[in-house]
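The next block is input_9.cif, given as mmCIF, C-alpha atoms.
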data_upload
loop_
_atom_site.label_atom_id
_atom_site.label_comp_id
_atom_site.auth_asym_id
_atom_site.auth_seq_id
_atom_site.Cartn_x
_atom_site.Cartn_y
_atom_site.Cartn_z
CA MET A 1 0.00 0.00 0.00
CA SER A 2 1.42 3.37 -0.94
CA ALA A 3 1.62 6.12 1.61
CA ASN A 4 -1.08 8.02 -0.24
CA LEU A 5 -3.56 5.19 0.11
CA LYS A 6 -2.89 4.63 3.77
CA PRO A 7 -6.17 4.95 5.66
CA ASN A 8 -6.54 8.01 7.84
CA THR A 9 -6.22 6.73 11.38
CA LYS A 10 -6.68 10.11 13.03
CA LYS A 11 -9.64 10.15 15.36
CA SER A 12 -12.16 12.81 14.44
CA PHE A 13 -14.02 14.99 16.92
CA LYS A 14 -17.29 16.84 16.50
CA LEU A 15 -16.98 20.55 17.37
CA MET A 16 -19.67 22.97 18.56
CA ILE A 17 -18.93 26.71 18.90
CA VAL A 18 -20.96 28.77 21.40
CA ASP A 19 -20.68 32.57 21.46
CA ASP A 20 -23.23 35.38 21.26
CA SER A 21 -21.06 37.19 18.70
CA ASN A 22 -21.28 36.08 15.07
CA ILE A 23 -17.87 37.59 14.49
CA MET A 24 -16.35 35.45 17.24
CA ARG A 25 -18.06 32.29 16.04
CA ARG A 26 -16.72 32.81 12.52
CA ARG A 27 -13.29 33.74 13.86
CA ILE A 28 -12.99 30.53 15.89
CA GLU A 29 -14.22 28.41 12.97
CA ARG A 30 -11.81 30.08 10.54
CA SER A 31 -8.77 30.11 12.81
CA GLN A 32 -8.77 26.61 14.21
CA GLN A 33 -6.41 24.43 12.19
CA PHE A 34 -7.28 20.90 13.25
CA GLU A 35 -8.31 18.54 10.46
CA GLU A 36 -9.75 16.15 13.01
CA LEU A 37 -12.30 18.73 14.19
CA GLN A 38 -15.58 18.69 12.27
CA LEU A 39 -17.89 21.60 12.98
CA VAL A 40 -21.40 20.31 13.69
CA GLY A 41 -22.96 23.65 14.58
CA THR A 42 -22.81 26.99 16.33
CA ALA A 43 -25.03 28.56 18.99
CA GLY A 44 -25.56 32.12 20.23
CA ASN A 45 -26.51 31.41 23.83
CA GLY A 46 -26.64 28.62 26.39
CA LEU A 47 -30.19 27.53 25.58
CA GLU A 48 -29.46 27.19 21.88
CA ALA A 49 -26.28 25.34 22.78
CA LEU A 50 -28.20 22.79 24.88
CA GLU A 51 -30.63 22.07 22.03
CA LEU A 52 -27.85 21.78 19.48
CA PHE A 53 -25.83 19.58 21.82
CA LYS A 54 -28.69 17.09 22.14
CA LYS A 55 -29.09 16.94 18.35
CA THR A 56 -25.44 16.73 17.33
CA ASP A 57 -23.63 15.13 20.31
CA PRO A 58 -20.35 17.07 19.95
CA ASP A 59 -17.09 15.91 21.55
CA VAL A 60 -15.50 19.35 21.80
CA VAL A 61 -17.16 22.67 22.67
CA THR A 62 -15.83 26.22 22.73
CA MET A 63 -17.91 28.21 25.18
CA ASP A 64 -18.35 31.94 25.75
CA LEU A 65 -19.49 32.93 29.26
CA THR A 66 -21.36 36.24 29.03
CA MET A 67 -24.41 35.41 26.92
CA PRO A 68 -28.15 36.17 27.02
CA GLN A 69 -30.81 33.68 28.15
CA MET A 70 -28.38 31.17 29.64
CA ASP A 71 -24.78 32.05 30.47
CA GLY A 72 -21.80 29.85 29.78
CA ILE A 73 -21.19 28.74 33.37
CA GLU A 74 -24.69 27.26 33.68
CA CYS A 75 -24.47 25.75 30.22
CA ILE A 76 -21.18 24.01 31.01
CA GLY A 77 -22.79 22.30 34.00
CA ARG A 78 -25.73 21.12 31.88
CA LEU A 79 -23.52 19.81 29.06
CA VAL A 80 -21.27 17.89 31.43
CA THR A 81 -24.33 16.29 33.02
CA LEU A 82 -25.50 15.16 29.57
CA LYS A 83 -22.06 13.93 28.49
CA PRO A 84 -19.33 13.77 31.13
CA ALA A 85 -16.63 13.07 28.51
CA VAL A 86 -17.26 16.29 26.56
CA ARG A 87 -14.22 18.58 26.38
CA ILE A 88 -14.99 22.24 26.87
CA LEU A 89 -12.72 25.19 26.15
CA VAL A 90 -14.01 28.43 27.65
CA ILE A 91 -13.24 31.44 25.45
CA SER A 92 -14.20 34.56 27.40
CA ALA A 93 -13.27 38.16 28.04
CA LEU A 94 -13.78 37.64 31.79
CA ALA A 95 -10.24 37.79 33.04
CA ASP A 96 -10.52 37.21 36.79
CA LYS A 97 -9.17 33.99 38.27
CA ALA A 98 -12.32 33.22 40.26
CA THR A 99 -14.37 32.92 37.07
CA ALA A 100 -11.82 30.60 35.49
CA VAL A 101 -11.82 28.44 38.63
CA GLU A 102 -15.62 28.31 38.67
CA ALA A 103 -15.74 27.28 35.01
CA MET A 104 -13.21 24.50 35.62
CA GLU A 105 -15.13 23.31 38.68
CA LYS A 106 -18.28 23.11 36.56
CA GLY A 107 -16.43 20.85 34.13
CA ALA A 108 -14.55 23.00 31.64
CA ASN A 109 -11.17 21.64 30.53
CA GLY A 110 -9.46 24.83 29.42
CA PHE A 111 -9.76 28.62 29.55
CA LEU A 112 -8.68 31.14 26.92
CA ASN A 113 -9.06 34.87 27.41
CA LYS A 114 -10.30 37.20 24.68
CA PRO A 115 -8.73 38.80 22.78
CA PHE A 116 -6.57 35.94 21.51
CA THR A 117 -4.22 35.24 18.63
CA ASP A 118 -4.66 32.32 16.22
CA ARG A 119 -1.65 30.69 17.82
CA GLN A 120 -3.12 30.97 21.32
CA LEU A 121 -6.41 29.49 20.09
CA ASN A 122 -4.72 26.54 18.42
CA GLU A 123 -2.47 25.87 21.40
CA ALA A 124 -5.51 25.86 23.69
CA ILE A 125 -7.39 23.45 21.39
CA ALA A 126 -4.31 21.22 21.09
CA GLU A 127 -4.17 20.92 24.88
CA LEU A 128 -7.84 20.06 24.91
CA LEU A 129 -7.38 17.25 22.39
CA CYS A 130 -4.42 15.66 24.22
CA MET B 1 -15.54 57.86 41.79
CA LEU B 2 -12.86 56.46 39.55
CA TYR B 3 -9.25 56.34 40.58
CA GLU B 4 -6.26 56.77 38.31
CA GLN B 5 -5.22 53.15 38.69
CA GLU B 6 -8.72 52.01 37.76
CA LEU B 7 -8.69 54.11 34.60
CA LYS B 8 -5.31 52.58 33.75
CA THR B 9 -6.99 49.17 33.83
CA PHE B 10 -9.29 50.27 31.00
CA VAL B 11 -6.45 51.93 29.11
CA ASP B 12 -4.44 48.69 29.29
CA ALA B 13 -7.40 46.57 28.20
CA THR B 14 -8.04 48.88 25.24
CA THR B 15 -4.38 48.83 24.25
CA ASN B 16 -4.37 45.04 24.40
CA PHE B 17 -7.55 44.74 22.35
CA PHE B 18 -6.20 46.69 19.41
CA SER B 19 -2.78 45.04 19.50
CA VAL B 20 -4.21 41.51 19.55
CA ALA B 21 -7.65 41.54 17.94
CA ALA B 22 -7.15 44.35 15.41
CA GLN B 23 -3.50 43.33 14.92
CA GLU B 24 -2.24 46.89 15.02
CA PRO B 25 -1.55 48.97 18.12
CA ALA B 26 -3.70 51.99 18.83
CA SER B 27 -2.56 55.24 20.32
CA ILE B 28 -4.49 55.64 23.55
CA GLY B 29 -4.70 59.20 24.87
CA SER B 30 -4.86 60.35 28.46
CA PRO B 31 -8.31 59.98 30.00
CA TYR B 32 -10.19 63.20 30.62
CA LEU B 33 -13.40 64.15 32.36
CA MET B 34 -16.45 64.29 30.12
CA GLU B 35 -18.38 67.53 30.26
CA GLY B 36 -21.95 67.82 29.08
CA ALA B 37 -23.83 65.31 27.00
CA PRO B 38 -21.84 62.48 25.48
CA SER B 39 -20.95 62.80 21.83
CA VAL B 40 -20.92 59.46 20.11
CA HIS B 41 -20.04 58.03 16.70
CA GLU B 42 -22.28 55.96 14.42
CA TYR B 43 -21.98 52.76 16.46
CA THR B 44 -21.86 52.42 20.24
CA GLY B 45 -21.56 49.22 22.27
CA ILE B 46 -22.70 49.61 25.89
CA ILE B 47 -21.99 47.36 28.86
CA SER B 48 -23.93 47.93 32.08
CA ILE B 49 -21.94 47.39 35.24
CA SER B 50 -23.41 46.15 38.50
CA GLY B 51 -22.16 44.58 41.72
CA LYS B 52 -19.62 46.48 43.79
CA ARG B 53 -19.54 49.20 41.13
CA GLU B 54 -22.43 50.56 39.12
CA GLY B 55 -22.51 52.37 35.82
CA VAL B 56 -21.70 51.88 32.18
CA VAL B 57 -18.72 51.34 29.93
CA TYR B 58 -19.18 52.09 26.27
CA PHE B 59 -17.13 51.98 23.11
CA THR B 60 -18.17 54.30 20.30
CA ALA B 61 -16.64 54.33 16.83
CA PRO B 62 -17.32 55.48 13.27
CA LYS B 63 -18.33 53.03 10.58
CA ALA B 64 -15.13 53.64 8.60
CA MET B 65 -12.98 52.54 11.52
CA LEU B 66 -15.10 49.46 12.19
CA THR B 67 -14.86 48.50 8.53
CA VAL B 68 -11.06 48.52 8.63
CA MET B 69 -11.06 46.63 11.93
CA LEU B 70 -13.22 43.93 10.36
CA MET B 71 -10.84 43.71 7.41
CA LYS B 72 -7.88 43.29 9.76
CA MET B 73 -9.84 40.55 11.54
CA GLN B 74 -10.23 38.70 8.19
CA GLU B 75 -13.98 39.31 8.17
CA ASN B 76 -15.78 39.62 4.86
CA ASP B 77 -19.20 40.63 6.17
CA PHE B 78 -19.47 44.42 6.55
CA SER B 79 -23.19 44.61 7.16
CA HIS B 80 -24.92 46.88 9.66
CA GLU B 81 -25.48 43.85 11.91
CA THR B 82 -21.79 42.97 11.86
CA MET B 83 -20.85 46.55 12.78
CA ARG B 84 -23.24 46.31 15.74
CA ASP B 85 -21.77 42.95 16.68
CA LEU B 86 -18.24 44.37 16.61
CA VAL B 87 -18.85 47.41 18.85
CA GLY B 88 -20.63 45.15 21.31
CA GLU B 89 -17.77 42.68 21.30
CA VAL B 90 -15.15 45.41 21.79
CA ALA B 91 -17.07 46.86 24.76
CA ASN B 92 -17.58 43.37 26.19
CA THR B 93 -13.93 42.37 25.82
CA ILE B 94 -12.52 45.54 27.39
CA SER B 95 -15.02 45.43 30.28
CA GLY B 96 -14.48 41.72 30.84
CA ASN B 97 -10.71 42.15 30.86
CA ALA B 98 -11.09 44.83 33.53
CA ARG B 99 -12.20 42.10 35.95
CA ARG B 100 -8.56 41.07 36.17
CA ASP B 101 -8.16 44.07 38.50
CA PHE B 102 -11.74 44.73 39.63
CA SER B 103 -12.48 41.06 40.48
CA ARG B 104 -15.67 39.14 39.78
CA GLU B 105 -17.78 41.57 41.82
CA PHE B 106 -17.47 43.80 38.74
CA VAL B 107 -20.49 42.27 37.01
CA ILE B 108 -20.88 43.00 33.30
CA SER B 109 -24.03 42.73 31.21
CA VAL B 110 -24.34 41.42 27.70
CA PRO B 111 -23.78 44.30 25.27
CA SER B 112 -26.52 46.58 24.08
CA VAL B 113 -25.83 48.51 20.91
CA LEU B 114 -26.90 51.91 19.66
CA SER B 115 -26.49 53.09 16.10
CA GLY B 116 -27.47 56.14 14.10
CA GLU B 117 -26.66 59.81 14.18
CA LYS B 118 -27.90 60.86 17.61
CA PRO B 119 -28.60 57.84 19.76
CA ASP B 120 -29.79 58.26 23.32
CA VAL B 121 -26.82 57.21 25.45
CA PRO B 122 -27.72 56.56 29.10
CA GLN B 123 -26.53 59.24 31.52
CA HIS B 124 -26.61 59.36 35.30
CA ALA B 125 -26.67 62.66 37.12
CA GLY B 126 -23.88 63.02 39.62
CA ARG B 127 -21.72 60.27 38.17
CA ARG B 128 -18.45 61.40 36.67
CA SER B 129 -17.60 59.98 33.27
CA PHE B 130 -14.14 59.70 31.79
CA ILE B 131 -13.31 59.59 28.11
CA ILE B 132 -10.38 57.50 26.92
CA PRO B 133 -9.46 58.68 23.39
CA ILE B 134 -8.47 55.98 20.92
CA ASN B 135 -6.60 56.73 17.71
CA TRP B 136 -6.11 53.81 15.39
CA ARG B 137 -4.68 54.20 11.90
CA SER B 138 -6.38 57.41 10.69
CA HIS B 139 -9.51 56.91 12.79
CA SER B 140 -10.68 58.14 16.18
CA ALA B 141 -12.95 56.40 18.65
CA LYS B 142 -13.68 56.63 22.37
CA LEU B 143 -14.08 54.43 25.37
CA VAL B 144 -16.27 56.06 28.01
CA VAL B 145 -16.12 54.82 31.59
CA SER B 146 -18.81 56.00 33.96
CA LEU B 147 -18.77 54.22 37.32
CA SER B 148 -19.90 55.03 40.82
#

Show how you would write the structure in this file as structure tokens.
Amino acid sequence: MSANLKPNTKKSFKLMIVDDSNIMRRRIERSQQFEELQLVGTAGNGLEALELFKKTDPDVVTMDLTMPQMDGIECIGRLVTLKPAVRILVISALADKATAVEAMEKGANGFLNKPFTDRQLNEAIAELLC
Amino acid sequence: MLYEQELKTFVDATTNFFSVAAQEPASIGSPYLMEGAPSVHEYTGIISISGKREGVVYFTAPKAMLTVMLMKMQENDFSHETMRDLVGEVANTISGNARRDFSREFVISVPSVLSGEKPDVPQHAGRRSFIIPINWRSHSAKLVVSLS
């Protein structure tokens, strides 16, 4: 078998992006460079995220915190209850340590502050996928 | 009442936003006390503050500046809605970053956005407001911080 025909053994992960800003959702989608991540949908608040999560069963979620209707902290708790193995990267402007600690205690696996560079985003996702 | 160190927190957050998100540093002027009614540009993103401090933080910018910012951010949608989204996100990011110094008792709202020639910006009698001038490329914008 030639190298070109070798089956792709990389595991793929379903990705959901949650942020109330369209610009941020597009930015995350455009900037992430992982072939193994397949975007299954985006949501603009925690409630939409819960519905989409039940329909698409993502493995990886990027989660904003300050959102209308249901904030990110509450949504993280709900998603982890539905699927304990889900990996959640919080991407938020909230820069105090207490908020990061609370998000991690709810079940988030990583925390990235806005604004961020493409490199910072990809490093944070890489850590999440380890 | 706002203290010098607290204003520096917003200056630093604004500086960081333009360097990282807009990929080009802005020149941030010295904050000064606002007198009279606020003058705003075409788009204004407003964050209400509650908790230990109360008030508003808003970012106001002209459409031309927002258009160039979107280009620098690799965006290709320059619609009215995207302009509104951007000013809200800038105000949200700068206010959220300020929690590094103000702590989590500095509670920020989701952004509300005003657009048009003479929008009605919320004002509170007796609360002093400071203007932080922002010059980026050939454009001028403002961050206004009004906290009790």

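The nearest approach to chain A among the residues B:Val87, B:Ile49, B:Met71, B:Ala21, with all atoms listed in the file taken into account, belongs to B:Ala21.
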
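Near region 128-133 of chain B, within 9 Å and counting all atoms listed in the file, sit Met1, Leu2, Leu7, Phe10, Val11, Ser27, Ile28, Gly29, Ser30, Pro31, Tyr32, Leu33, Met34, Glu35, His124, Ala125, Ser140, Ala141, Lys142, Leu143, Val144, Val145, Ser146, Leu147 and Ser148 of chain B, not including residues fewer than 3 positions from it in the same chain.
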
- Query: If the PyMOL selection byres ((chain A) within 8 of (chain B)) is run on the structure shown, which residues does it catch, given as a PyMOL selection string?
  - Reply: chain A and resi 21-23+27+66-68+92-99+114-117

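For the pair CA of Arg30 (chain A) and CA of Asn45 (chain A), the interatomic distance is 19.9 Å.
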
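When the PyMOL selection byres ((chain A and resi 11-20) around 6) is evaluated against the file, it yields Lys10, Ser21, Glu36, Leu37, Gln38, Leu39, Val40, Gly41, Thr42, Ala43, Gly44, Asn45, Pro58, Asp59, Val60, Val61, Thr62, Met63, Asp64 and Met67 of chain A.
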